[in-house]
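Engineer: So here's target29.cif (mmCIF, C-alpha atoms).
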data_start
#
loop_
_atom_site.label_atom_id
_atom_site.label_comp_id
_atom_site.auth_asym_id
_atom_site.auth_seq_id
_atom_site.Cartn_x
_atom_site.Cartn_y
_atom_site.Cartn_z
CA MET A 1 19.28 17.84 -9.25
CA PRO A 2 22.18 16.05 -10.97
CA GLU A 3 21.73 15.56 -14.70
CA HIS A 4 22.23 11.82 -14.32
CA TYR A 5 19.42 11.49 -11.75
CA ASN A 6 17.13 9.90 -14.31
CA LEU A 7 19.55 6.96 -14.49
CA ILE A 8 18.12 5.68 -11.21
CA LEU A 9 14.89 4.83 -13.05
CA CYS A 10 14.93 1.40 -14.64
CA SER A 11 13.83 0.73 -18.21
CA VAL A 12 10.44 -0.49 -16.96
CA CYS A 13 9.59 2.53 -14.79
CA GLY A 14 11.48 5.27 -16.64
CA PRO A 15 9.08 5.86 -19.57
CA TRP A 16 6.14 6.33 -17.19
CA ASN A 17 7.65 8.65 -14.60
CA ASP A 18 9.14 12.14 -14.45
CA PRO A 19 12.29 12.02 -12.25
CA ASN A 20 11.67 15.56 -11.00
CA GLU A 21 8.14 14.69 -9.92
CA LEU A 22 9.29 11.46 -8.27
CA LEU A 23 11.93 13.35 -6.32
CA ARG A 24 9.30 15.83 -5.16
CA LEU A 25 6.92 13.07 -4.08
CA SER A 26 9.60 10.98 -2.38
CA MET A 27 9.50 13.24 0.70
CA PRO A 28 6.20 12.75 2.56
CA ALA A 29 3.99 15.86 2.58
CA TRP A 30 3.91 16.00 6.39
CA GLN A 31 7.71 16.04 6.55
CA ASN A 32 7.97 18.71 3.89
CA TYR A 33 5.44 20.85 5.80
CA LEU A 34 7.40 20.57 9.05
CA GLU A 35 10.73 21.41 7.45
CA GLN A 36 9.30 24.37 5.55
CA HIS A 37 6.94 25.88 8.11
CA GLN A 38 7.66 24.43 11.57
CA LYS A 39 11.40 24.87 12.06
CA ASP A 40 10.94 26.20 15.59
CA LEU A 41 8.89 23.14 16.52
CA LEU A 42 11.57 20.85 15.08
CA ASN A 43 14.26 22.58 17.17
CA GLU A 44 12.07 22.35 20.28
CA SER A 45 11.39 18.65 19.70
CA ARG A 46 15.08 17.91 19.16
CA LYS A 47 15.99 19.57 22.47
CA TRP A 48 13.15 17.78 24.28
CA LEU A 49 14.35 14.37 23.12
CA GLN A 50 17.85 15.09 24.44
CA GLY A 51 16.41 14.87 27.96
CA GLU A 52 14.21 11.83 27.32
CA HIS A 53 16.77 9.03 27.21
CA ARG A 54 14.24 6.43 28.40
CA ILE A 55 11.87 7.10 25.50
CA VAL A 56 14.69 7.14 22.94
CA GLY A 57 15.98 3.83 24.30
CA ALA A 58 12.52 2.21 24.27
CA ILE A 59 11.46 3.25 20.75
CA PRO A 60 10.35 1.47 18.56
CA TYR A 61 8.96 -1.01 21.10
CA ASN A 62 5.34 -0.68 22.19
CA ALA A 63 6.28 0.53 25.68
CA GLY A 64 8.35 3.34 24.16
CA TRP A 65 5.55 4.47 21.83
CA ALA A 66 3.02 4.39 24.69
CA ASP A 67 5.34 6.48 26.87
CA LEU A 68 5.83 9.01 24.06
CA LEU A 69 2.09 9.34 23.43
CA ARG A 70 1.39 9.81 27.14
CA LYS A 71 3.98 12.59 27.36
CA ILE A 72 2.77 14.60 24.38
CA THR A 73 -0.98 14.24 25.07
CA GLY A 74 -1.01 14.22 28.87
CA ASN A 75 -3.30 11.17 28.74
CA MET A 76 -1.99 8.73 31.34
CA GLN A 77 -4.49 6.05 30.26
CA ILE A 78 -2.46 5.22 27.14
CA THR A 79 -0.81 1.88 27.86
CA SER A 80 0.95 -0.93 26.05
CA SER A 81 0.02 -4.58 26.28
CA ASP A 82 2.34 -7.48 27.08
CA VAL A 83 0.28 -9.98 25.02
CA GLN A 84 2.61 -12.17 22.95
CA LEU A 85 1.45 -14.05 19.86
CA ASP A 86 3.85 -16.96 20.44
CA GLU A 87 2.30 -17.60 23.86
CA HIS A 88 -1.23 -18.09 22.51
CA ARG A 89 -2.76 -21.55 22.38
CA ASP A 90 -3.43 -21.23 18.64
CA TYR A 91 0.08 -20.11 17.74
CA HIS A 92 0.60 -23.28 15.68
CA ALA A 93 -2.33 -22.23 13.44
CA TYR A 94 -0.65 -18.87 12.82
CA LEU A 95 2.59 -20.66 11.89
CA GLN A 96 0.73 -22.87 9.42
CA ILE A 97 -0.82 -19.87 7.71
CA ARG A 98 2.44 -17.91 7.70
CA GLU A 99 4.40 -20.77 6.14
CA ILE A 100 1.94 -21.02 3.24
CA MET A 101 1.76 -17.26 2.70
CA VAL A 102 5.56 -16.89 2.76
CA GLY A 103 5.90 -19.69 0.21
CA ARG A 104 3.48 -17.82 -2.06
CA LYS A 105 5.32 -14.51 -1.57
CA SER A 106 2.22 -12.92 -0.10
CA LYS A 107 2.17 -9.16 0.55
CA LEU A 108 0.95 -10.03 4.03
CA PHE A 109 4.32 -11.53 5.00
CA PRO A 110 6.97 -9.64 3.00
CA GLY A 111 10.67 -10.07 3.62
CA LEU A 112 10.42 -13.63 4.92
CA GLU A 113 12.05 -16.55 3.13
CA GLY A 114 10.39 -19.92 2.69
CA GLU A 115 9.86 -22.84 0.37
CA GLU A 116 6.97 -23.16 -2.05
CA THR A 117 4.09 -24.96 -0.38
CA GLY A 118 1.81 -25.82 -3.29
CA SER A 119 -1.64 -24.59 -4.21
CA ASP A 120 -3.74 -26.47 -1.64
CA GLU A 121 -5.72 -24.17 0.66
CA ILE A 122 -6.17 -24.71 4.39
CA GLU A 123 -8.62 -23.44 6.97
CA VAL A 124 -7.86 -22.95 10.68
CA ARG A 125 -9.41 -21.46 13.78
CA PHE A 126 -7.44 -18.76 15.56
CA ASN A 127 -8.82 -17.39 18.83
CA GLY A 128 -12.35 -18.06 17.62
CA HIS A 129 -11.84 -16.57 14.14
CA GLN A 130 -12.10 -18.59 10.94
CA VAL A 131 -9.00 -18.08 8.76
CA ARG A 132 -8.62 -19.58 5.30
CA THR A 133 -5.82 -19.22 2.75
CA SER A 134 -6.85 -18.05 -0.72
CA GLN A 135 -3.96 -17.89 -3.17
CA SER A 136 -1.71 -15.11 -1.80
CA GLY A 137 -4.42 -13.63 0.43
CA LEU A 138 -6.45 -14.61 3.49
CA ILE A 139 -10.16 -14.83 4.15
CA VAL A 140 -10.92 -13.99 7.78
CA ASP A 141 -14.49 -14.56 8.96
CA GLY A 142 -15.63 -14.38 5.33
CA ALA A 143 -13.79 -11.13 4.44
CA ARG A 144 -10.74 -11.05 2.18
CA VAL A 145 -7.45 -9.26 2.84
CA GLU A 146 -4.44 -9.31 0.50
CA ARG A 147 -1.87 -6.80 1.76
CA GLY A 148 -0.60 -5.22 4.92
CA PRO A 149 1.24 -6.63 7.97
CA GLY A 150 -0.03 -10.20 8.33
CA THR A 151 1.18 -10.72 11.90
CA LEU A 152 -0.56 -7.47 12.90
CA LEU A 153 -3.78 -8.96 11.52
CA PHE A 154 -3.41 -11.97 13.85
CA MET A 155 -2.61 -9.64 16.76
CA MET A 156 -5.94 -7.92 16.08
CA MET A 157 -7.66 -11.29 16.47
CA LEU A 158 -6.31 -11.42 20.02
CA GLU A 159 -7.97 -8.14 20.99
CA ARG A 160 -11.56 -8.70 22.00
CA ARG A 161 -13.46 -6.07 20.03
CA ALA A 162 -16.99 -6.10 18.64
CA ASP A 163 -16.08 -4.69 15.23
CA SER A 164 -14.78 -6.73 12.31
CA VAL A 165 -11.08 -7.63 12.39
CA VAL A 166 -10.70 -7.15 8.64
CA LEU A 167 -12.58 -3.83 8.74
CA ARG A 168 -10.18 -2.55 11.41
CA PHE A 169 -7.20 -3.86 9.47
CA LEU A 170 -8.25 -2.24 6.20
CA ASP A 171 -9.14 1.00 7.97
CA LEU A 172 -5.57 1.17 9.28
CA LEU A 173 -4.23 0.68 5.75
CA HIS A 174 -6.48 3.45 4.42
CA GLN A 175 -5.28 5.82 7.14
CA ILE A 176 -1.65 4.96 6.43
CA GLU A 177 -2.08 5.69 2.72
CA GLY A 178 -4.37 8.69 3.14
CA THR A 179 -7.38 7.17 1.41
CA VAL A 180 -9.89 7.52 4.26
CA ASN A 181 -13.22 8.97 3.13
CA ASN A 182 -15.63 9.70 5.97
CA SER A 183 -19.21 10.12 4.86
CA ARG A 184 -21.60 12.50 6.63
CA ALA A 185 -23.55 9.48 7.89
CA LYS A 186 -20.38 8.01 9.41
CA ILE A 187 -19.51 11.33 11.09
CA GLU A 188 -22.98 11.47 12.66
CA SER A 189 -22.68 7.84 13.77
CA GLU A 190 -19.34 8.56 15.46
CA ARG A 191 -20.82 11.51 17.31
CA ARG A 192 -23.70 9.42 18.64
CA GLU A 193 -21.30 6.67 19.75
CA ALA A 194 -19.20 9.30 21.54
CA LEU A 195 -22.26 10.53 23.44
CA ARG A 196 -23.23 6.98 24.42
CA GLY A 197 -19.68 6.47 25.69
CA GLY A 198 -19.86 9.50 27.97
CA HIS A 199 -17.92 11.95 25.80
CA PHE A 200 -20.40 14.78 26.33
CA SER A 201 -17.86 17.38 25.20
CA LEU A 202 -17.40 16.30 21.62
CA ILE A 203 -14.59 18.78 21.00
CA GLY A 204 -11.48 18.25 23.10
CA ALA A 205 -11.78 14.63 24.22
CA ALA A 206 -8.90 12.63 22.75
CA ASP A 207 -11.17 9.88 21.45
CA ALA A 208 -14.04 12.11 20.35
CA PRO A 209 -14.78 12.54 16.64
CA GLN A 210 -13.38 15.70 15.14
CA PRO A 211 -15.70 18.57 14.19
CA GLU A 212 -16.32 19.04 10.49
CA SER A 213 -14.09 22.11 10.28
CA LYS A 214 -11.10 19.97 11.20
CA ARG A 215 -12.18 17.11 8.97
CA MET A 216 -12.12 19.48 6.04
CA GLN A 217 -8.42 20.09 6.60
CA THR A 218 -6.07 17.80 4.73
CA ILE A 219 -4.15 15.68 7.23
CA PRO A 220 -0.95 14.38 5.56
CA ALA A 221 -0.88 10.60 5.67
CA PRO A 222 2.01 8.87 7.48
CA LEU A 223 3.25 7.10 4.36
CA CYS A 224 4.66 3.70 5.19
CA ASP A 225 6.08 0.48 3.90
CA TRP A 226 5.45 -2.59 6.04
CA ASN A 227 6.96 -5.85 7.22
CA HIS A 228 4.89 -8.73 8.56
CA ASP A 229 4.81 -7.22 12.08
CA THR A 230 3.76 -3.61 11.53
CA TYR A 231 4.01 -0.50 9.38
CA LEU A 232 7.35 1.21 8.78
CA LEU A 233 7.08 5.00 8.71
CA GLY A 234 9.26 6.38 5.90
CA ILE A 235 11.26 9.60 6.14
CA GLU A 236 13.66 11.25 3.65
CA PHE A 237 16.91 12.84 4.82
CA GLY A 238 18.37 14.19 1.59
CA VAL A 239 21.86 12.88 0.85
CA ARG A 240 21.59 10.54 3.87
CA GLY A 241 18.79 8.70 2.10
CA ARG A 242 15.54 7.13 3.26
CA PHE A 243 15.00 5.82 6.78
CA VAL A 244 12.09 3.89 8.30
CA ILE A 245 10.98 3.54 11.90
CA PRO A 246 8.66 0.68 12.97
CA LEU A 247 5.34 1.81 14.41
CA PRO A 248 3.62 -0.04 17.30
CA THR A 249 2.92 -3.73 16.79
CA GLN A 250 0.00 -3.60 19.25
CA PRO A 251 -3.09 -2.85 17.11
CA SER A 252 -4.95 -0.65 19.59
CA LEU A 253 -1.80 1.37 20.30
CA LEU A 254 -1.19 1.80 16.56
CA GLU A 255 -4.78 3.03 16.17
CA ARG A 256 -4.19 5.50 19.00
CA PHE A 257 -0.99 6.71 17.28
CA LEU A 258 -2.91 7.33 14.04
CA ARG A 259 -5.74 9.17 15.82
CA ILE A 260 -3.25 11.55 17.40
CA TRP A 261 -1.40 11.88 14.09
CA GLY A 262 -4.72 12.80 12.47
CA GLY A 263 -5.36 15.78 14.76
CA ARG A 264 -6.80 14.48 18.02
CA PRO A 265 -6.85 16.00 20.59
CA SER A 266 -5.37 19.00 18.71
CA MET A 267 -3.37 19.89 15.62
CA LEU A 268 -0.57 21.20 17.86
CA VAL A 269 -0.19 17.79 19.49
CA SER A 270 -0.36 16.19 16.04
CA ASP A 271 2.44 18.42 14.73
CA ARG A 272 4.53 17.67 17.80
CA LEU A 273 4.10 13.91 17.28
CA ARG A 274 5.26 14.25 13.67
CA ALA A 275 8.27 16.35 14.66
CA LEU A 276 9.31 13.88 17.36
CA THR A 277 8.80 10.92 15.04
CA ARG A 278 11.02 12.57 12.44
CA ASP A 279 13.81 13.10 14.98
CA LEU A 280 13.43 9.59 16.39
CA ALA A 281 13.85 8.19 12.89
CA GLN A 282 17.24 9.92 12.71
CA LEU A 283 18.24 8.50 16.09
CA VAL A 284 16.92 4.92 15.99
CA GLY A 285 15.54 4.47 12.47
CA ILE A 286 16.75 1.94 9.93
CA LYS A 287 18.26 3.00 6.61
CA ALA A 288 16.09 1.47 3.91
CA GLU A 289 16.65 2.78 0.39
CA ASP A 290 14.47 -0.01 -1.01
CA ALA A 291 11.48 0.83 1.21
CA ARG A 292 8.38 1.67 -0.82
CA ILE A 293 6.47 4.21 1.24
CA THR A 294 4.07 5.66 -1.34
CA PRO A 295 1.29 3.80 -3.19
CA LEU A 296 2.88 4.92 -6.49
CA GLU A 297 6.23 3.36 -5.56
CA ARG A 298 4.60 0.12 -4.48
CA SER A 299 2.54 -0.02 -7.66
CA PHE A 300 5.60 0.27 -9.89
CA SER A 301 7.39 -2.35 -7.82
CA LEU A 302 4.50 -4.71 -8.64
CA PHE A 303 4.55 -3.63 -12.29
CA ARG A 304 8.25 -4.35 -12.66
CA SER A 305 7.95 -7.75 -10.95
CA ILE A 306 5.30 -8.78 -13.51
CA VAL A 307 7.39 -7.59 -16.45
CA ASP A 308 10.49 -9.37 -15.11
CA ALA A 309 8.55 -12.59 -14.49
CA ASN A 310 7.36 -12.64 -18.12
CA SER A 311 10.59 -11.66 -19.90
CA ASP A 312 10.03 -14.28 -22.61
CA THR A 313 6.77 -12.65 -23.73
CA VAL A 314 7.25 -8.99 -22.67
CA GLU A 315 9.93 -6.79 -24.27
CA ILE A 316 10.82 -3.15 -23.76
CA ILE A 317 11.89 -1.29 -26.90
CA ASP A 318 12.28 2.49 -27.03
CA GLY A 319 10.22 2.94 -23.88
CA ALA A 320 7.28 0.85 -25.14
CA LEU A 321 6.10 -2.56 -23.94
CA PHE A 322 5.68 -5.27 -26.57
CA ILE A 323 3.51 -8.05 -25.18
CA THR A 324 2.91 -11.33 -26.99
CA GLY A 325 -0.46 -12.70 -25.94
CA ARG A 326 -1.60 -16.31 -25.95
CA SER A 327 -3.54 -15.63 -29.14
CA GLY A 328 -0.26 -15.01 -30.95
CA VAL A 329 -0.95 -11.29 -31.34
CA THR A 330 1.73 -8.82 -30.25
CA TRP A 331 0.49 -5.70 -28.47
CA ARG A 332 2.31 -2.43 -27.98
CA VAL A 333 1.65 -0.37 -24.85
CA LYS A 334 3.34 3.01 -24.71
CA PRO A 335 2.86 6.30 -22.84
CA GLY A 336 0.26 8.57 -24.43
CA ARG A 337 -3.32 9.76 -24.15
CA GLY A 338 -5.50 6.79 -24.96
CA ALA A 339 -9.20 6.05 -25.00
CA HIS A 340 -11.16 7.56 -22.09
CA ASN A 341 -8.06 9.62 -21.20
CA VAL A 342 -6.03 6.67 -19.95
CA PRO A 343 -2.29 7.50 -19.86
CA TYR A 344 -1.31 4.79 -22.34
CA LEU A 345 -1.96 3.64 -25.91
CA ILE A 346 -2.69 0.00 -26.74
CA GLN A 347 -2.30 -1.19 -30.35
CA THR A 348 -1.54 -4.40 -32.19
CA VAL A 349 1.72 -4.45 -34.14
CA SER A 350 3.06 -6.23 -37.20
CA ASN A 351 6.08 -8.51 -37.24
CA ASN A 352 8.37 -5.51 -37.84
CA ARG A 353 6.90 -3.64 -34.81
CA ILE A 354 4.75 -1.22 -36.83
CA ALA A 355 1.50 -0.28 -35.10
CA LEU A 356 -1.69 -1.43 -36.84
CA GLY A 357 -5.13 0.08 -36.52
CA GLN A 358 -6.56 2.47 -33.95
CA PRO A 359 -5.72 2.31 -30.22
CA VAL A 360 -8.05 -0.05 -28.38
CA CYS A 361 -9.81 0.48 -25.07
CA MET A 362 -9.33 -1.53 -21.86
CA TYR A 363 -11.41 -0.09 -19.05
CA ASP A 364 -9.48 0.08 -15.77
CA ASP A 365 -9.83 1.69 -12.36
CA ALA A 366 -8.51 5.24 -12.68
CA LYS A 367 -8.38 5.52 -8.88
CA LEU A 368 -5.55 2.99 -8.69
CA PRO A 369 -1.89 4.09 -8.86
CA LEU A 370 -0.49 4.01 -12.40
CA GLY A 371 1.77 1.01 -11.74
CA ASP A 372 -1.21 -1.10 -10.65
CA ARG A 373 -3.12 -0.09 -13.78
CA LEU A 374 -0.21 -0.99 -16.04
CA ALA A 375 0.26 -4.30 -14.25
CA SER A 376 -3.37 -5.22 -14.92
CA VAL A 377 -2.98 -4.23 -18.58
CA VAL A 378 0.10 -6.44 -19.01
CA LEU A 379 -1.52 -9.42 -17.30
CA GLY A 380 -4.68 -8.94 -19.34
CA LEU A 381 -2.88 -8.77 -22.70
CA LEU A 382 -0.74 -11.80 -21.86
CA ASN A 383 -4.05 -13.66 -21.58
CA ASP A 384 -5.72 -11.95 -24.51
CA ASP A 385 -7.50 -15.17 -25.51
CA ILE A 386 -9.56 -14.74 -22.31
CA LEU A 387 -9.61 -10.95 -22.40
CA ARG A 388 -11.29 -10.93 -25.81
CA THR A 389 -14.39 -12.49 -24.22
CA GLN A 390 -14.71 -9.43 -21.97
CA PHE A 391 -13.72 -6.54 -24.24
CA GLU A 392 -15.23 -6.32 -27.71
CA GLN A 393 -12.50 -3.99 -28.97
CA ILE A 394 -9.82 -6.50 -27.99
CA HIS A 395 -11.77 -9.24 -29.76
CA PHE A 396 -12.06 -7.33 -33.02
CA ALA A 397 -8.45 -6.17 -32.86
CA ILE A 398 -7.41 -9.83 -32.72
CA ILE A 399 -9.73 -10.67 -35.65
CA MET A 400 -8.26 -7.86 -37.76
CA HIS A 401 -4.75 -9.01 -36.90
CA GLU A 402 -5.58 -12.60 -37.86
CA GLN A 403 -6.95 -11.44 -41.19
CA ARG A 404 -3.64 -9.72 -41.91
CA ASN A 405 -1.77 -12.83 -40.72
CA PRO A 406 -3.79 -15.91 -41.77
CA HIS A 407 -1.24 -18.31 -40.27
CA LEU A 408 -2.30 -17.15 -36.77
CA GLN A 409 -5.87 -18.39 -37.21
CA ASN A 410 -4.82 -22.00 -36.78
CA ARG A 411 -2.27 -21.33 -34.05
CA ILE A 412 -4.84 -21.56 -31.28
CA ARG A 413 -8.55 -22.27 -31.40
CA LEU A 414 -10.31 -19.31 -29.86
CA ARG A 415 -13.91 -18.99 -28.86
CA GLN A 416 -15.76 -16.34 -30.85
CA PRO A 417 -17.84 -14.56 -28.22
CA PHE A 418 -19.26 -11.81 -30.43
CA PRO A 419 -21.21 -12.17 -33.70
#
Go ahead and render the structure in this file as structure tokens.
Structural biologist:
Amino acid sequence: MPEHYNLILCSVCGPWNDPNELLRLSMPAWQNYLEQHQKDLLNESRKWLQGEHRIVGAIPYNAGWADLLRKITGNMQITSSDVQLDEHRDYHAYLQIREIMVGRKSKLFPGLEGEETGSDEIEVRFNGHQVRTSQSGLIVDGARVERGPGTLLFMMMLERRADSVVLRFLDLLHQIEGTVNNSRAKIESERREALRGGHFSLIGAADAPQPESKRMQTIPAPLCDWNHDTYLLGIEFGVRGRFVIPLPTQPSLLERFLRIWGGRPSMLVSDRLRALTRDLAQLVGIKAEDARITPLERSFSLFRSIVDANSDTVEIIDGALFITGRSGVTWRVKPGRGAHNVPYLIQTVSNNRIALGQPVCMYDDAKLPLGDRLASVVLGLLNDDILRTQFEQIHFAIIMHEQRNPHLQNRIRLRQPFP
């Protein structure tokens, strides 16, 4: 690795990340596995594609993906749909929602440009589903969704299925990011449903639930970024950089792709799909150095956007964040082992940037990527006048700071929530 590699990390992200570790994680685990252990399969897939000009020419359209999946599984029942969103009677409702979400820079419609549309919420009916805007997210049939391909969500509403649209949508996101957690009860439920559907041979049918021995294996997630239409599978090609290839925009076909990717009907077919997808990305993929394909990358993108948007109250000095809250107190957040083993230290500081008192505790969700956790810390400390009503340590840290700086006590009238 070049010595200057760490220069690619900005001042916001640099203190919290090891460049060597980031470089290691930038290549998806499934791709690393293929290149290290399945070189023969990669060569075979490359030669196979040389004779499949129709598939190469049709990818990444739905018809091309369906053709590819039929060829590698032998299942001729895999088809693509010609349903078009812009031909539906409720297309105008979709456009209304999209315009508002784009204006609010929603993660459901990234990459689209639009004017700010205000804070008023609207509610529409789309193909029988109730859709309501809620800040930068949507509430569909009473369930909230905040990120993922928004147009794909509306395409799901066009498919007549008994299960919840939002549940399907979030399940896709969990599979993409590798956060699926099947409980024993869910496994048993899937087996019973398979029997009711006529899949009497539970092992071998393409749509049958996998046996527990296979479920115990770690299936590398197809790490993706997304646009408003679908997910973009990310692949690293060394000095050539990062490429993405759009996955199917038809929801049921995308679900089929992910089932095969996850080991059904066999791990051999799964490996072959990954190898072919890798080669197709080289042939028809889009170079996208700014694509964020891992949850960690996306979390730090969010973190940086929050820091940049609050440059008048958030400073970066020697790798630490100095955050001036609405109470008038300045907080320092820097890398280190804090309370409850969080990877950061939070302390109040004096006017000359000297830390005062012991590190304080802000409980957060340790399951979230680090960038998301830091983003919530920054937003919380910016609004420390509200945060003090929820965290007693924050409240008393502000009181101690005010006692050292009496002029702050009259700066803003704060409610005293604790005796």
Engineer: Taking 4 positions as the minimum chain separation for residues in the same chain, which residues sit within 12 Å of Met76 in chain A when counting only C-alpha atoms? Answer as an MDAnalysis selection string.
Structural biologist: chainID A and resid 66:72 80 206
Engineer: Report the distance between CA of Asp290 in chain A and CA of Leu223 in chain A in Å, rounded to one decimal place.
Structural biologist: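 Straight-line distance from CA of Asp290 in chain A to CA of Leu223 in chain A works out to 14.3 Å.
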Engineer: A:Pro295, A:Pro343, A:Gly338, A:Gly319: which is nearest Asp372 in chain A, counting only C-alpha atoms?
Structural biologist: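 Closest candidate: A:Pro295.
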Engineer: I'd like the residues picked by the PyMOL selection byres ((chain A and resi 122) around 7) written out as a PyMOL selection string, using the chain letters and numbers from the file.
Structural biologist: chain A and resi 120-121+123-124+132-133
Engineer: Those residues you just picked out, can you put them in a file as a PDB file, in the frame of the given file with C-alpha atoms?
Structural biologist:
ATOM      1  CA  ASP A 120      -3.740 -26.470  -1.640  1.00  0.00           C
ATOM      2  CA  GLU A 121      -5.720 -24.170   0.660  1.00  0.00           C
ATOM      3  CA  GLU A 123      -8.620 -23.440   6.970  1.00  0.00           C
ATOM      4  CA  VAL A 124      -7.860 -22.950  10.680  1.00  0.00           C
ATOM      5  CA  ARG A 132      -8.620 -19.580   5.300  1.00  0.00           C
ATOM      6  CA  THR A 133      -5.820 -19.220   2.750  1.00  0.00           C
TER       7      THR A 133
END
Engineer: So the first atom is CA of Gly371 in chain A and the second is CA of Leu9 in chain A; what is the distance between them in Å, to one decimal place?
Structural biologist: 13.7 Å
Engineer: Name the residues that the PyMOL selection byres ((chain A and resi 114) around 9) picks from the file above, as a compact mmCIF listing (two decimals) with C-alpha atoms, in the frame of the given file, using the file's chain letters and numbers.
Structural biologist:
# COMPACT_ATOMS: atom_id res chain seq x y z
CA GLU A 99 4.40 -20.77 6.14
CA ILE A 100 1.94 -21.02 3.24
CA VAL A 102 5.56 -16.89 2.76
CA GLY A 103 5.90 -19.69 0.21
CA ARG A 104 3.48 -17.82 -2.06
CA LYS A 105 5.32 -14.51 -1.57
CA LEU A 112 10.42 -13.63 4.92
CA GLU A 113 12.05 -16.55 3.13
CA GLU A 115 9.86 -22.84 0.37
CA GLU A 116 6.97 -23.16 -2.05
CA THR A 117 4.09 -24.96 -0.38
Engineer: Kindly resolve the PyMOL selection byres ((chain A and resi 157-167) around 12) on the present coordinates and return the residues as a VMD selection string.
Structural biologist: chain A and resid 81 to 91 94 125 to 131 138 to 156 168 to 174 250 to 253
Engineer: Residues of the last selection are to be written out with C-alpha atoms, as a PDB file, in the coordinates of the input.
Structural biologist:
ATOM      1  CA  SER A  81       0.020  -4.580  26.280  1.00  0.00           C
ATOM      2  CA  ASP A  82       2.340  -7.480  27.080  1.00  0.00           C
ATOM      3  CA  VAL A  83       0.280  -9.980  25.020  1.00  0.00           C
ATOM      4  CA  GLN A  84       2.610 -12.170  22.950  1.00  0.00           C
ATOM      5  CA  LEU A  85       1.450 -14.050  19.860  1.00  0.00           C
ATOM      6  CA  ASP A  86       3.850 -16.960  20.440  1.00  0.00           C
ATOM      7  CA  GLU A  87       2.300 -17.600  23.860  1.00  0.00           C
ATOM      8  CA  HIS A  88      -1.230 -18.090  22.510  1.00  0.00           C
ATOM      9  CA  ARG A  89      -2.760 -21.550  22.380  1.00  0.00           C
ATOM     10  CA  ASP A  90      -3.430 -21.230  18.640  1.00  0.00           C
ATOM     11  CA  TYR A  91       0.080 -20.110  17.740  1.00  0.00           C
ATOM     12  CA  TYR A  94      -0.650 -18.870  12.820  1.00  0.00           C
ATOM     13  CA  ARG A 125      -9.410 -21.460  13.780  1.00  0.00           C
ATOM     14  CA  PHE A 126      -7.440 -18.760  15.560  1.00  0.00           C
ATOM     15  CA  ASN A 127      -8.820 -17.390  18.830  1.00  0.00           C
ATOM     16  CA  GLY A 128     -12.350 -18.060  17.620  1.00  0.00           C
ATOM     17  CA  HIS A 129     -11.840 -16.570  14.140  1.00  0.00           C
ATOM     18  CA  GLN A 130     -12.100 -18.590  10.940  1.00  0.00           C
ATOM     19  CA  VAL A 131      -9.000 -18.080   8.760  1.00  0.00           C
ATOM     20  CA  LEU A 138      -6.450 -14.610   3.490  1.00  0.00           C
ATOM     21  CA  ILE A 139     -10.160 -14.830   4.150  1.00  0.00           C
ATOM     22  CA  VAL A 140     -10.920 -13.990   7.780  1.00  0.00           C
ATOM     23  CA  ASP A 141     -14.490 -14.560   8.960  1.00  0.00           C
ATOM     24  CA  GLY A 142     -15.630 -14.380   5.330  1.00  0.00           C
ATOM     25  CA  ALA A 143     -13.790 -11.130   4.440  1.00  0.00           C
ATOM     26  CA  ARG A 144     -10.740 -11.050   2.180  1.00  0.00           C
ATOM     27  CA  VAL A 145      -7.450  -9.260   2.840  1.00  0.00           C
ATOM     28  CA  GLU A 146      -4.440  -9.310   0.500  1.00  0.00           C
ATOM     29  CA  ARG A 147      -1.870  -6.800   1.760  1.00  0.00           C
ATOM     30  CA  GLY A 148      -0.600  -5.220   4.920  1.00  0.00           C
ATOM     31  CA  PRO A 149       1.240  -6.630   7.970  1.00  0.00           C
ATOM     32  CA  GLY A 150      -0.030 -10.200   8.330  1.00  0.00           C
ATOM     33  CA  THR A 151       1.180 -10.720  11.900  1.00  0.00           C
ATOM     34  CA  LEU A 152      -0.560  -7.470  12.900  1.00  0.00           C
ATOM     35  CA  LEU A 153      -3.780  -8.960  11.520  1.00  0.00           C
ATOM     36  CA  PHE A 154      -3.410 -11.970  13.850  1.00  0.00           C
ATOM     37  CA  MET A 155      -2.610  -9.640  16.760  1.00  0.00           C
ATOM     38  CA  MET A 156      -5.940  -7.920  16.080  1.00  0.00           C
ATOM     39  CA  ARG A 168     -10.180  -2.550  11.410  1.00  0.00           C
ATOM     40  CA  PHE A 169      -7.200  -3.860   9.470  1.00  0.00           C
ATOM     41  CA  LEU A 170      -8.250  -2.240   6.200  1.00  0.00           C
ATOM     42  CA  ASP A 171      -9.140   1.000   7.970  1.00  0.00           C
ATOM     43  CA  LEU A 172      -5.570   1.170   9.280  1.00  0.00           C
ATOM     44  CA  LEU A 173      -4.230   0.680   5.750  1.00  0.00           C
ATOM     45  CA  HIS A 174      -6.480   3.450   4.420  1.00  0.00           C
ATOM     46  CA  GLN A 250       0.000  -3.600  19.250  1.00  0.00           C
ATOM     47  CA  PRO A 251      -3.090  -2.850  17.110  1.00  0.00           C
ATOM     48  CA  SER A 252      -4.950  -0.650  19.590  1.00  0.00           C
ATOM     49  CA  LEU A 253      -1.800   1.370  20.300  1.00  0.00           C
TER      50      LEU A 253
END
Engineer: Can you tell me how far CA of Val333 in chain A sits from CA of Pro369 in chain A, in Å to one decimal?
Structural biologist: 17.0 Å
Engineer: Which one is closest to Ile245 in chain A: A:His92, A:Arg404, A:Arg278, A:Lys367? Count all atoms listed in the file.
Structural biologist: A:Arg278
Engineer: Of the candidates A:Leu374, A:Ala397, A:Ile323, A:Leu283, which shows the shortest atom-to-atom distance to His53 in chain A, using all atoms listed in the file?
Structural biologist: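 Nearest to His53 in chain A: A:Leu283.
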